[in-house]
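Source file structure-v2.txt; content: compact mmCIF, C-alpha atoms.
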```txt
# COMPACT_ATOMS: atom_id res chain seq x y z
CA MET H 22 24.83 -30.33 17.16
CA ARG H 23 25.96 -29.75 20.75
CA ALA H 24 27.25 -26.25 19.96
CA ALA H 25 23.83 -25.26 18.63
CA ARG H 26 22.19 -26.72 21.75
CA LEU H 27 24.54 -24.77 24.06
CA ILE H 28 23.75 -21.51 22.23
CA LYS H 29 20.03 -22.25 22.51
CA MET H 30 20.46 -22.93 26.22
CA VAL H 31 22.18 -19.57 26.75
CA LEU H 32 19.39 -17.78 24.88
CA LEU H 33 16.75 -19.53 26.99
CA LEU H 34 18.56 -18.52 30.19
CA GLN H 35 18.93 -14.99 28.89
CA ALA H 36 15.20 -14.74 28.14
CA ARG H 37 14.03 -15.84 31.63
CA PRO H 38 15.12 -14.89 35.16
CA SER H 39 15.22 -18.56 36.16
CA ILE H 40 14.34 -21.86 34.52
CA THR H 41 14.25 -25.35 35.99
CA GLY H 42 16.28 -28.28 34.74
CA ALA H 43 13.09 -30.06 33.68
CA GLU H 44 11.97 -27.05 31.63
CA LEU H 45 15.36 -26.78 29.95
CA ALA H 46 15.35 -30.49 29.19
CA ARG H 47 11.91 -30.17 27.59
CA GLU H 48 12.89 -27.12 25.51
CA LEU H 49 16.17 -28.67 24.39
CA GLU H 50 14.71 -32.16 23.92
CA VAL H 51 17.40 -33.81 26.06
CA SER H 52 17.59 -35.43 29.49
CA GLU H 53 18.07 -33.46 32.72
CA ARG H 54 21.45 -35.18 33.09
CA THR H 55 22.48 -33.68 29.74
CA VAL H 56 21.29 -30.25 30.93
CA THR H 57 23.54 -30.57 33.99
CA ARG H 58 26.55 -31.46 31.82
CA ASP H 59 25.81 -28.61 29.38
CA ALA H 60 25.51 -26.09 32.25
CA ALA H 61 28.91 -27.21 33.53
CA ALA H 62 30.40 -26.85 30.06
CA LEU H 63 29.06 -23.30 29.75
CA SER H 64 30.52 -22.37 33.14
CA GLU H 65 33.92 -23.72 32.09
CA ALA H 66 33.66 -21.59 28.94
CA GLY H 67 33.24 -18.44 31.05
CA ILE H 68 29.46 -18.01 30.81
CA PRO H 69 28.14 -17.37 34.34
CA VAL H 70 25.49 -20.09 34.67
CA TYR H 71 24.40 -20.58 38.28
CA ALA H 72 22.40 -23.56 39.54
CA ASP H 73 20.09 -23.16 42.54
CA ARG H 74 19.49 -26.44 44.37
CA GLY H 75 16.26 -27.62 45.97
CA ARG H 76 12.57 -27.77 45.07
CA ALA H 77 12.39 -24.10 44.00
CA GLY H 78 15.77 -24.23 42.31
CA GLY H 79 16.74 -23.78 38.72
CA TYR H 80 19.33 -22.31 36.38
CA ARG H 81 20.01 -18.63 35.79
CA LEU H 82 22.61 -16.24 34.44
CA ILE H 83 24.25 -14.01 37.03
CA GLY H 84 25.65 -10.51 36.80
CA GLY H 85 23.25 -9.37 34.06
CA TYR H 86 25.15 -11.40 31.49
CA ARG H 87 23.86 -11.09 27.91
CA THR H 88 25.26 -12.68 24.80
CA ARG H 89 25.49 -10.82 21.50
CA LEU H 90 25.93 -14.07 19.59
CA THR H 91 22.38 -14.20 18.29
CA GLY H 92 22.98 -15.48 14.78
CA LEU H 93 19.56 -14.18 13.73
CA GLY H 94 19.16 -14.85 10.02
CA ARG H 95 16.81 -13.19 7.57
CA ALA H 96 14.46 -16.17 7.38
CA GLU H 97 14.20 -16.19 11.19
CA ALA H 98 13.73 -12.42 11.38
CA GLU H 99 10.97 -12.45 8.78
CA ALA H 100 9.31 -15.49 10.33
CA LEU H 101 9.35 -13.70 13.68
CA PHE H 102 6.88 -11.15 12.36
CA LEU H 103 4.52 -13.99 11.39
CA SER H 104 4.85 -15.75 14.74
CA GLY H 105 1.35 -14.74 15.81
CA VAL H 106 -0.07 -16.88 13.02
CA PRO H 107 1.22 -20.38 13.88
CA SER H 108 -1.01 -22.27 11.43
CA ALA H 109 0.18 -20.06 8.56
CA LEU H 110 3.79 -20.67 9.57
CA ARG H 111 3.29 -24.44 9.57
CA GLU H 112 1.66 -24.41 6.14
CA MET H 113 4.47 -22.35 4.59
CA GLY H 114 7.20 -24.46 6.21
CA LEU H 115 8.41 -21.69 8.54
CA ALA H 116 7.57 -23.12 11.97
CA ASP H 117 11.18 -24.07 12.80
CA ALA H 118 12.49 -20.66 11.75
CA ALA H 119 9.90 -18.91 13.92
CA SER H 120 10.74 -21.09 16.92
CA ALA H 121 14.41 -20.19 16.65
CA ALA H 122 13.60 -16.51 16.14
CA ARG H 123 11.55 -16.27 19.32
CA LEU H 124 14.61 -17.25 21.35
CA LYS H 125 16.59 -14.41 19.76
CA VAL H 126 14.01 -11.65 19.95
CA SER H 127 15.65 -10.01 22.98
CA ALA H 128 18.77 -9.18 20.97
CA ALA H 129 18.96 -6.14 18.71
CA LEU H 130 18.51 -6.82 15.00
CA LEU H 131 21.40 -6.09 12.69
CA PRO H 132 20.84 -3.06 10.42
CA GLU H 133 20.35 -5.23 7.33
CA LEU H 134 17.49 -7.06 9.06
CA ARG H 135 15.52 -4.06 10.29
CA ASP H 136 13.29 -4.05 7.21
CA ALA H 137 12.02 -7.57 8.00
CA SER H 138 8.65 -6.42 9.32
CA HIS H 139 8.09 -4.32 6.18
CA THR H 140 9.04 -7.08 3.75
CA VAL H 141 6.74 -9.55 5.51
CA ALA H 142 3.80 -7.12 5.58
CA GLN H 143 4.11 -6.63 1.83
CA ARG H 144 4.15 -10.37 1.11
CA PHE H 145 1.83 -12.04 3.62
CA HIS H 146 -1.46 -10.79 5.02
CA LEU H 147 -3.91 -12.42 7.43
CA ASP H 148 -7.57 -11.49 7.00
CA ALA H 149 -10.02 -12.91 9.56
CA PRO H 150 -9.44 -16.68 9.51
CA GLY H 151 -12.57 -18.67 10.25
CA TRP H 152 -13.09 -19.90 13.80
CA TRP H 153 -13.70 -23.54 14.68
CA ARG H 154 -12.02 -24.97 11.60
CA GLU H 155 -8.55 -25.82 10.40
CA PRO H 156 -7.70 -24.38 6.98
CA GLU H 157 -6.77 -26.93 4.32
CA THR H 158 -3.21 -26.57 3.09
CA PRO H 159 -2.97 -26.41 -0.72
CA GLU H 160 -0.26 -28.75 -1.97
CA LEU H 161 1.51 -26.03 -3.96
CA LEU H 162 1.45 -23.39 -1.20
CA PRO H 163 5.10 -23.87 -0.04
CA ARG H 164 6.36 -23.52 -3.62
CA ILE H 165 4.34 -20.35 -4.14
CA ALA H 166 5.51 -18.98 -0.77
CA ASP H 167 9.14 -19.51 -1.82
CA ALA H 168 8.50 -17.51 -5.00
CA VAL H 169 6.83 -14.72 -3.00
CA TRP H 170 9.75 -14.53 -0.56
CA ASP H 171 12.34 -14.29 -3.33
CA ASP H 172 10.36 -12.23 -5.92
CA LEU H 173 10.63 -15.06 -8.47
CA ARG H 174 8.52 -15.17 -11.62
CA ILE H 175 6.47 -18.34 -11.97
CA THR H 176 4.51 -20.08 -14.70
CA VAL H 177 1.27 -21.66 -13.53
CA ARG H 178 -1.65 -23.73 -14.70
CA TYR H 179 -4.83 -22.37 -13.10
CA ARG H 180 -8.19 -24.14 -12.99
CA ARG H 181 -11.14 -21.97 -13.88
CA ARG H 182 -14.75 -23.07 -13.71
CA ASP H 183 -14.77 -24.56 -17.21
CA ALA H 184 -11.13 -24.63 -18.33
CA GLU H 185 -7.47 -24.67 -17.33
CA VAL H 186 -5.31 -21.72 -18.37
CA ARG H 187 -1.57 -21.11 -18.38
CA ARG H 188 -0.13 -17.85 -17.05
CA GLU H 189 3.20 -16.25 -16.17
CA LEU H 190 2.85 -14.42 -12.86
CA GLU H 191 4.80 -12.07 -10.65
CA PRO H 192 3.71 -13.32 -7.18
CA TYR H 193 3.47 -10.29 -4.88
CA GLY H 194 1.79 -11.62 -1.75
CA LEU H 195 -0.26 -14.32 -0.04
CA VAL H 196 -3.43 -13.73 1.96
CA LEU H 197 -5.07 -16.18 4.36
CA LYS H 198 -8.79 -15.33 4.39
CA ALA H 199 -11.23 -17.41 6.46
CA GLY H 200 -9.06 -20.51 6.09
CA VAL H 201 -8.52 -20.09 2.32
CA TRP H 202 -5.21 -19.00 0.76
CA TYR H 203 -5.15 -16.41 -2.04
CA LEU H 204 -2.28 -15.12 -4.18
CA ALA H 205 -2.02 -11.48 -5.23
CA ALA H 206 0.01 -11.44 -8.43
CA ARG H 207 0.72 -9.26 -11.43
CA ALA H 208 0.00 -10.71 -14.87
CA GLU H 209 0.45 -8.73 -18.07
CA GLY H 210 0.81 -5.53 -16.06
CA ASP H 211 -2.39 -5.94 -14.01
CA PHE H 212 -2.76 -7.06 -10.39
CA ARG H 213 -5.14 -9.99 -9.89
CA VAL H 214 -6.23 -12.40 -7.18
CA TYR H 215 -6.00 -16.20 -7.48
CA ARG H 216 -7.17 -18.98 -5.17
CA VAL H 217 -4.10 -21.07 -4.32
CA ASP H 218 -6.06 -24.34 -4.20
CA ARG H 219 -6.96 -23.88 -7.88
CA PHE H 220 -3.35 -23.98 -9.10
CA ALA H 221 -2.72 -27.24 -10.93
CA ALA H 222 1.00 -26.59 -11.44
CA VAL H 223 3.59 -23.99 -10.40
CA GLU H 224 7.11 -23.71 -11.84
CA PRO H 225 9.74 -20.98 -11.29
CA VAL H 226 10.84 -19.18 -14.45
CA GLY H 227 14.32 -18.62 -13.02
CA THR H 228 14.29 -14.82 -13.07
CA ARG H 229 13.36 -12.23 -10.47
CA PHE H 230 10.99 -9.32 -10.97
CA GLY H 231 11.22 -5.77 -9.67
CA ARG H 232 8.45 -5.02 -7.20
CA VAL H 233 6.30 -1.94 -7.68
CA GLU H 234 7.32 0.11 -4.65
CA GLU H 235 3.87 1.66 -4.26
CA PHE H 236 2.19 -1.75 -3.97
CA ASP H 237 0.62 -2.20 -0.52
CA LEU H 238 -0.71 -5.71 0.09
CA PRO H 239 -3.22 -4.95 2.91
CA ALA H 240 -4.64 -1.97 1.00
CA PHE H 241 -4.81 -3.96 -2.24
CA TRP H 242 -6.59 -6.83 -0.50
CA GLU H 243 -9.11 -4.56 1.18
CA GLU H 244 -9.95 -3.03 -2.20
CA ARG H 245 -10.18 -6.30 -4.12
CA ALA H 246 -11.58 -8.70 -1.52
CA ASP H 247 -15.16 -7.50 -1.80
CA GLN H 248 -14.94 -7.39 -5.59
CA PHE H 249 -13.47 -10.90 -5.72
CA ALA H 250 -16.00 -12.35 -3.30
CA ARG H 251 -18.90 -10.95 -5.30
CA SER H 252 -17.48 -12.23 -8.57
CA ILE H 253 -18.08 -15.83 -7.46
CA LEU H 254 -21.68 -15.16 -6.31
CA ARG H 255 -23.30 -16.21 -9.57
CA GLU H 256 -26.69 -17.38 -8.27
CA LYS H 257 -29.45 -15.82 -6.14
CA ALA H 258 -31.64 -17.30 -3.43
CA VAL H 259 -34.96 -15.85 -2.25
CA VAL H 260 -35.21 -16.52 1.48
CA ARG H 261 -37.82 -15.68 4.13
CA LEU H 262 -36.24 -15.15 7.56
CA THR H 263 -37.54 -14.92 11.09
CA PRO H 264 -35.99 -12.18 13.27
CA ALA H 265 -33.63 -14.84 14.65
CA GLY H 266 -32.77 -15.83 11.07
CA VAL H 267 -31.93 -12.23 10.20
CA ARG H 268 -29.58 -12.06 13.17
CA GLY H 269 -27.98 -15.39 12.31
CA LEU H 270 -27.54 -14.87 8.57
CA PRO H 271 -24.17 -13.02 8.78
CA HIS H 272 -22.77 -15.96 10.75
CA VAL H 273 -23.48 -18.57 8.05
CA THR H 274 -22.60 -16.62 4.89
CA ASP H 275 -20.52 -13.60 3.85
CA ARG H 276 -21.28 -10.87 6.38
CA ALA H 277 -21.16 -7.93 3.97
CA VAL H 278 -23.37 -9.68 1.40
CA ALA H 279 -25.86 -10.74 4.10
CA GLU H 280 -26.10 -7.26 5.63
CA GLU H 281 -26.59 -5.66 2.20
CA ALA H 282 -29.35 -8.15 1.33
CA VAL H 283 -31.16 -7.32 4.59
CA ARG H 284 -30.82 -3.56 3.98
CA GLU H 285 -32.28 -3.86 0.49
CA ALA H 286 -35.26 -5.99 1.61
CA GLY H 287 -38.71 -4.53 2.12
CA GLU H 288 -40.68 -4.47 5.34
CA PRO H 289 -41.34 -7.65 7.36
CA ASP H 290 -44.64 -9.41 6.74
CA GLY H 291 -47.46 -9.82 9.27
CA GLN H 292 -45.55 -12.63 11.00
CA GLY H 293 -42.43 -10.52 11.36
CA ARG H 294 -40.60 -12.48 8.64
CA LEU H 295 -38.32 -10.68 6.18
CA THR H 296 -37.97 -11.80 2.54
CA ILE H 297 -34.53 -11.15 1.05
CA THR H 298 -32.71 -11.89 -2.20
CA LEU H 299 -29.31 -13.32 -1.29
CA PRO H 300 -26.42 -13.71 -3.80
CA VAL H 301 -24.84 -17.18 -3.43
CA GLU H 302 -21.92 -19.01 -5.02
CA SER H 303 -24.02 -22.04 -6.04
CA TYR H 304 -27.14 -23.86 -4.93
CA GLU H 305 -25.03 -26.51 -3.22
CA VAL H 306 -23.12 -23.86 -1.24
CA ALA H 307 -26.38 -22.10 -0.36
CA LEU H 308 -27.80 -25.40 0.93
CA ALA H 309 -24.77 -25.99 3.17
CA GLN H 310 -24.82 -22.43 4.51
CA LEU H 311 -28.54 -21.81 5.04
CA LEU H 312 -29.19 -25.19 6.63
CA GLY H 313 -27.30 -23.72 9.56
CA LEU H 314 -30.29 -21.46 10.25
CA GLY H 315 -32.67 -24.41 10.58
CA PRO H 316 -36.36 -23.41 10.80
CA GLU H 317 -35.43 -19.72 11.02
CA ALA H 318 -35.05 -19.62 7.20
CA GLU H 319 -37.40 -20.77 4.44
CA VAL H 320 -36.08 -20.86 0.87
CA LEU H 321 -38.76 -19.63 -1.52
CA GLY H 322 -36.79 -19.94 -4.74
CA PRO H 323 -35.52 -20.67 -7.25
CA PRO H 324 -37.46 -23.95 -7.50
CA GLU H 325 -34.25 -26.01 -7.88
CA LEU H 326 -32.87 -24.67 -4.62
CA ARG H 327 -36.17 -25.08 -2.77
CA ALA H 328 -36.25 -28.70 -3.97
CA LEU H 329 -32.80 -29.29 -2.47
CA PHE H 330 -34.00 -27.95 0.90
CA ALA H 331 -37.18 -30.02 0.72
CA GLU H 332 -35.14 -33.17 0.14
CA ALA H 333 -32.75 -32.30 2.99
CA ALA H 334 -35.75 -31.70 5.28
CA ARG H 335 -37.32 -35.03 4.25
CA ARG H 336 -34.13 -36.96 4.97
CA THR H 337 -33.69 -35.18 8.32
CA ALA H 338 -37.30 -36.00 9.29
CA GLU H 339 -36.66 -39.65 8.45
CA LEU H 340 -33.74 -39.69 10.86
CA TYR H 341 -35.95 -38.47 13.72
CA ARG H 342 -39.11 -40.41 12.87
```
structure tokens encoding of this file:
Amino acid sequence: MRAARLIKMVLLLQARPSITGAELARELEVSERTVTRDAAALSEAGIPVYADRGRAGGYRLIGGYRTRLTGLGRAEAEALFLSGVPSALREMGLADAASAARLKVSAALLPELRDASHTVAQRFHLDAPGWWREPETPELLPRIADAVWDDLRITVRYRRRDAEVRRELEPYGLVLKAGVWYLAARAEGDFRVYRVDRFAAVEPVGTRFGRVEEFDLPAFWEERADQFARSILREKAVVRLTPAGVRGLPHVTDRAVAEEAVREAGEPDGQGRLTITLPVESYEVALAQLLGLGPEAEVLGPPELRALFAEAARRTAELYR
């Protein structure tokens, strides 16, 4: 335990020109007295740790000393290339590995670790997470992430709209899109996209699969994302928008779908309002999204959806009566 702390202390000193005892104590999660004892132990071991006294004092390494004892492992090296996505790291159980890797980034990677950035890019992809909200972590995400890291075949139970199906998958990569996790996997020779929160069960088969070398996760996602998003837009809403509503529509629903609906609409009416036909996932989702536009949007149909808005408006009016 102490040996690991001493190595961490050297790496912290190596990464900064000077660091105070209080800062070291906070980083190492020990007392300042322990920092003083550890600094003395490092000096006795031949590592040139120098302590400056006084208010502006601190600890530093002298003589340009640098250690080559980095101990950077593959998990840390790969996690390092995800370190700009802290929420994703936490959800996949990699936060500790990333923290350790950041301390070692100044040292050169060993040859067998130099492909870490490539292997990560082909297995995990971040696509525009939503602002102002924390993504929910699917319970089975860490298990799926382990299979993606190690190229392990898995058997899954996947919930569809009206049934639950069983599949054997080759999990190629995970994508975090607007706070929702998706799995890109190959099943029966075809690449498909699955929502991680719809997996009811995930079990490793016990065998590895050979990755298709030409597979490129970002390119695959870019190609399939629009197709996948549209596949769940099973209903349509007819909406009349003010100019402010037109401007606000891309901020409450899928931007590409909103912009296409506006392009395909006719000319505004005499009041400057534009009537569009908007694909939506369900009437309940449309209600939640379009309520964000307030009086800048009027739902004209279908009648079931207009009734939902009328009821929401009645209940809101009651609150402010």
Can you work out which one of H:Val31, H:Leu204, H:Val70, H:Ala333 has the shortest atom-to-atom distance to Leu311 of chain H, counting only C-alpha atoms?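 Among the listed residues, the smallest separation from Leu311 of chain H belongs to H:Ala333.
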For Glu281 of chain H, find every residue with an atom within 12 Å (counting all atoms listed in the file), except residues of its own chain fewer than 2 positions away, and show them as a VMD selection string. chain H and resid 251 267 270 to 271 274 to 279 283 to 286 297 to 300
Identify which of the residues H:Arg180, H:Gly231, H:Leu197, H:Phe249 lies closest to Val214 of chain H, counting all atoms listed in the file when measuring atom-to-atom distances.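 Nearest candidate to Val214 of chain H out of H:Arg180, H:Gly231, H:Leu197, H:Phe249: H:Phe249.
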Between H:Glu288, H:Ala338, H:Ala43, H:Val273, which one has atoms that come closest to Gly313 of chain H, using all atoms listed in the file?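 Between H:Glu288, H:Ala338, H:Ala43, H:Val273, the residue approaching Gly313 of chain H most closely is H:Val273.
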How many Å lie between atom CA of Ala318 of chain H and atom CA of Ala250 of chain H, rounded to one decimal?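 Atom CA of Ala318 of chain H sits 22.9 Å away from atom CA of Ala250 of chain H.
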Can you tell me how far atom CA of Leu254 of chain H sits from atom CA of Glu191 of chain H, in Å to one decimal?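 Those two atoms sit 27.0 Å apart.
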Near-Gly84 of chain H list (12 Å; only C-alpha atoms; drop same-chain fewer than 2 positions) as a PyMOL selection string: chain H and resi 35+38+68-71+81-82+86-87
Identify which of the residues H:Asp218, H:Glu65, H:Glu209, H:Glu235 lies closest to Glu160 of chain H, counting all atoms listed in the file when measuring atom-to-atom distances.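 Closest to Glu160 of chain H, using all atoms listed in the file: H:Asp218.
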Using only C-alpha atoms and a cutoff of 9 Å, can you tell me which residues are near (-3.5, -27.3, -7.1) in the file's coordinates, and write them out as a short mmCIF file (atom, residue, chain, number, x, y, z; two decimals) with C-alpha atoms, in the frame of the given file?
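result.cif, freshly written:
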```cif
data_model
loop_
_atom_site.label_atom_id
_atom_site.label_comp_id
_atom_site.auth_asym_id
_atom_site.auth_seq_id
_atom_site.Cartn_x
_atom_site.Cartn_y
_atom_site.Cartn_z
CA PRO H 159 -2.97 -26.41 -0.72
CA GLU H 160 -0.26 -28.75 -1.97
CA LEU H 161 1.51 -26.03 -3.96
CA LEU H 162 1.45 -23.39 -1.20
CA ARG H 178 -1.65 -23.73 -14.70
CA TYR H 179 -4.83 -22.37 -13.10
CA ARG H 180 -8.19 -24.14 -12.99
CA VAL H 217 -4.10 -21.07 -4.32
CA ASP H 218 -6.06 -24.34 -4.20
CA ARG H 219 -6.96 -23.88 -7.88
CA PHE H 220 -3.35 -23.98 -9.10
CA ALA H 221 -2.72 -27.24 -10.93
CA ALA H 222 1.00 -26.59 -11.44
CA VAL H 223 3.59 -23.99 -10.40
#
```
What residues have an atom no more than 12 Å from (22.0, -22.0, 40.3) in the file's own frame, counting only C-alpha atoms, and can you write them as a VMD selection string? chain H and resid 34 38 to 42 57 60 to 61 64 69 to 75 77 to 83
For the selection you just gave me, I'd like the residues written to a file as a PDB file, keeping the file's coordinate frame, keeping C-alpha atoms.
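Below is the file out_34.pdb, written as the result:
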```
ATOM      1  CA  LEU H  34      18.560 -18.520  30.190  1.00  0.00           C
ATOM      2  CA  PRO H  38      15.120 -14.890  35.160  1.00  0.00           C
ATOM      3  CA  SER H  39      15.220 -18.560  36.160  1.00  0.00           C
ATOM      4  CA  ILE H  40      14.340 -21.860  34.520  1.00  0.00           C
ATOM      5  CA  THR H  41      14.250 -25.350  35.990  1.00  0.00           C
ATOM      6  CA  GLY H  42      16.280 -28.280  34.740  1.00  0.00           C
ATOM      7  CA  THR H  57      23.540 -30.570  33.990  1.00  0.00           C
ATOM      8  CA  ALA H  60      25.510 -26.090  32.250  1.00  0.00           C
ATOM      9  CA  ALA H  61      28.910 -27.210  33.530  1.00  0.00           C
ATOM     10  CA  SER H  64      30.520 -22.370  33.140  1.00  0.00           C
ATOM     11  CA  PRO H  69      28.140 -17.370  34.340  1.00  0.00           C
ATOM     12  CA  VAL H  70      25.490 -20.090  34.670  1.00  0.00           C
ATOM     13  CA  TYR H  71      24.400 -20.580  38.280  1.00  0.00           C
ATOM     14  CA  ALA H  72      22.400 -23.560  39.540  1.00  0.00           C
ATOM     15  CA  ASP H  73      20.090 -23.160  42.540  1.00  0.00           C
ATOM     16  CA  ARG H  74      19.490 -26.440  44.370  1.00  0.00           C
ATOM     17  CA  GLY H  75      16.260 -27.620  45.970  1.00  0.00           C
ATOM     18  CA  ALA H  77      12.390 -24.100  44.000  1.00  0.00           C
ATOM     19  CA  GLY H  78      15.770 -24.230  42.310  1.00  0.00           C
ATOM     20  CA  GLY H  79      16.740 -23.780  38.720  1.00  0.00           C
ATOM     21  CA  TYR H  80      19.330 -22.310  36.380  1.00  0.00           C
ATOM     22  CA  ARG H  81      20.010 -18.630  35.790  1.00  0.00           C
ATOM     23  CA  LEU H  82      22.610 -16.240  34.440  1.00  0.00           C
ATOM     24  CA  ILE H  83      24.250 -14.010  37.030  1.00  0.00           C
TER      25      ILE H  83
END
```
Mind pulling up the distance from atom CA of Trp202 of chain H to atom CA of Arg255 of chain H?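 Going from atom CA of Arg255 of chain H over to atom CA of Trp202 of chain H, I get 21.0 Å.
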List as a PyMOL selection string the protein and nucleic acid residues near Ala240 of chain H, meaning an atom at most 12 Å away when only C-alpha atoms are counted, but skip any in the same chain fewer than 2 places from it. chain H and resi 142-143+146+148+194+196+205+235-238+242-246
Might you pull out every residue within 10 Å of Leu49 of chain H, with all atoms listed in the file counted and same-chain residues fewer than 2 positions away left off, and present them as an mmCIF file with C-alpha atoms, in the coordinates of the input?
```
data_model
loop_
_atom_site.group_PDB
_atom_site.id
_atom_site.type_symbol
_atom_site.label_atom_id
_atom_site.label_comp_id
_atom_site.auth_asym_id
_atom_site.auth_seq_id
_atom_site.Cartn_x
_atom_site.Cartn_y
_atom_site.Cartn_z
ATOM 1 C CA ARG H 26 22.190 -26.720 21.750
ATOM 2 C CA LEU H 27 24.540 -24.770 24.060
ATOM 3 C CA LYS H 29 20.030 -22.250 22.510
ATOM 4 C CA MET H 30 20.460 -22.930 26.220
ATOM 5 C CA LEU H 33 16.750 -19.530 26.990
ATOM 6 C CA ALA H 43 13.090 -30.060 33.680
ATOM 7 C CA GLU H 44 11.970 -27.050 31.630
ATOM 8 C CA LEU H 45 15.360 -26.780 29.950
ATOM 9 C CA ALA H 46 15.350 -30.490 29.190
ATOM 10 C CA ARG H 47 11.910 -30.170 27.590
ATOM 11 C CA VAL H 51 17.400 -33.810 26.060
ATOM 12 C CA SER H 52 17.590 -35.430 29.490
ATOM 13 C CA GLU H 53 18.070 -33.460 32.720
ATOM 14 C CA THR H 55 22.480 -33.680 29.740
ATOM 15 C CA VAL H 56 21.290 -30.250 30.930
#
```
Under the rule that all atoms listed in the file are counted, which of H:Glu305, H:Thr158, H:Thr228, H:Arg335 is the nearest residue to Gly200 of chain H?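 Looking at the shortest contact to Gly200 of chain H, the residue is H:Thr158.
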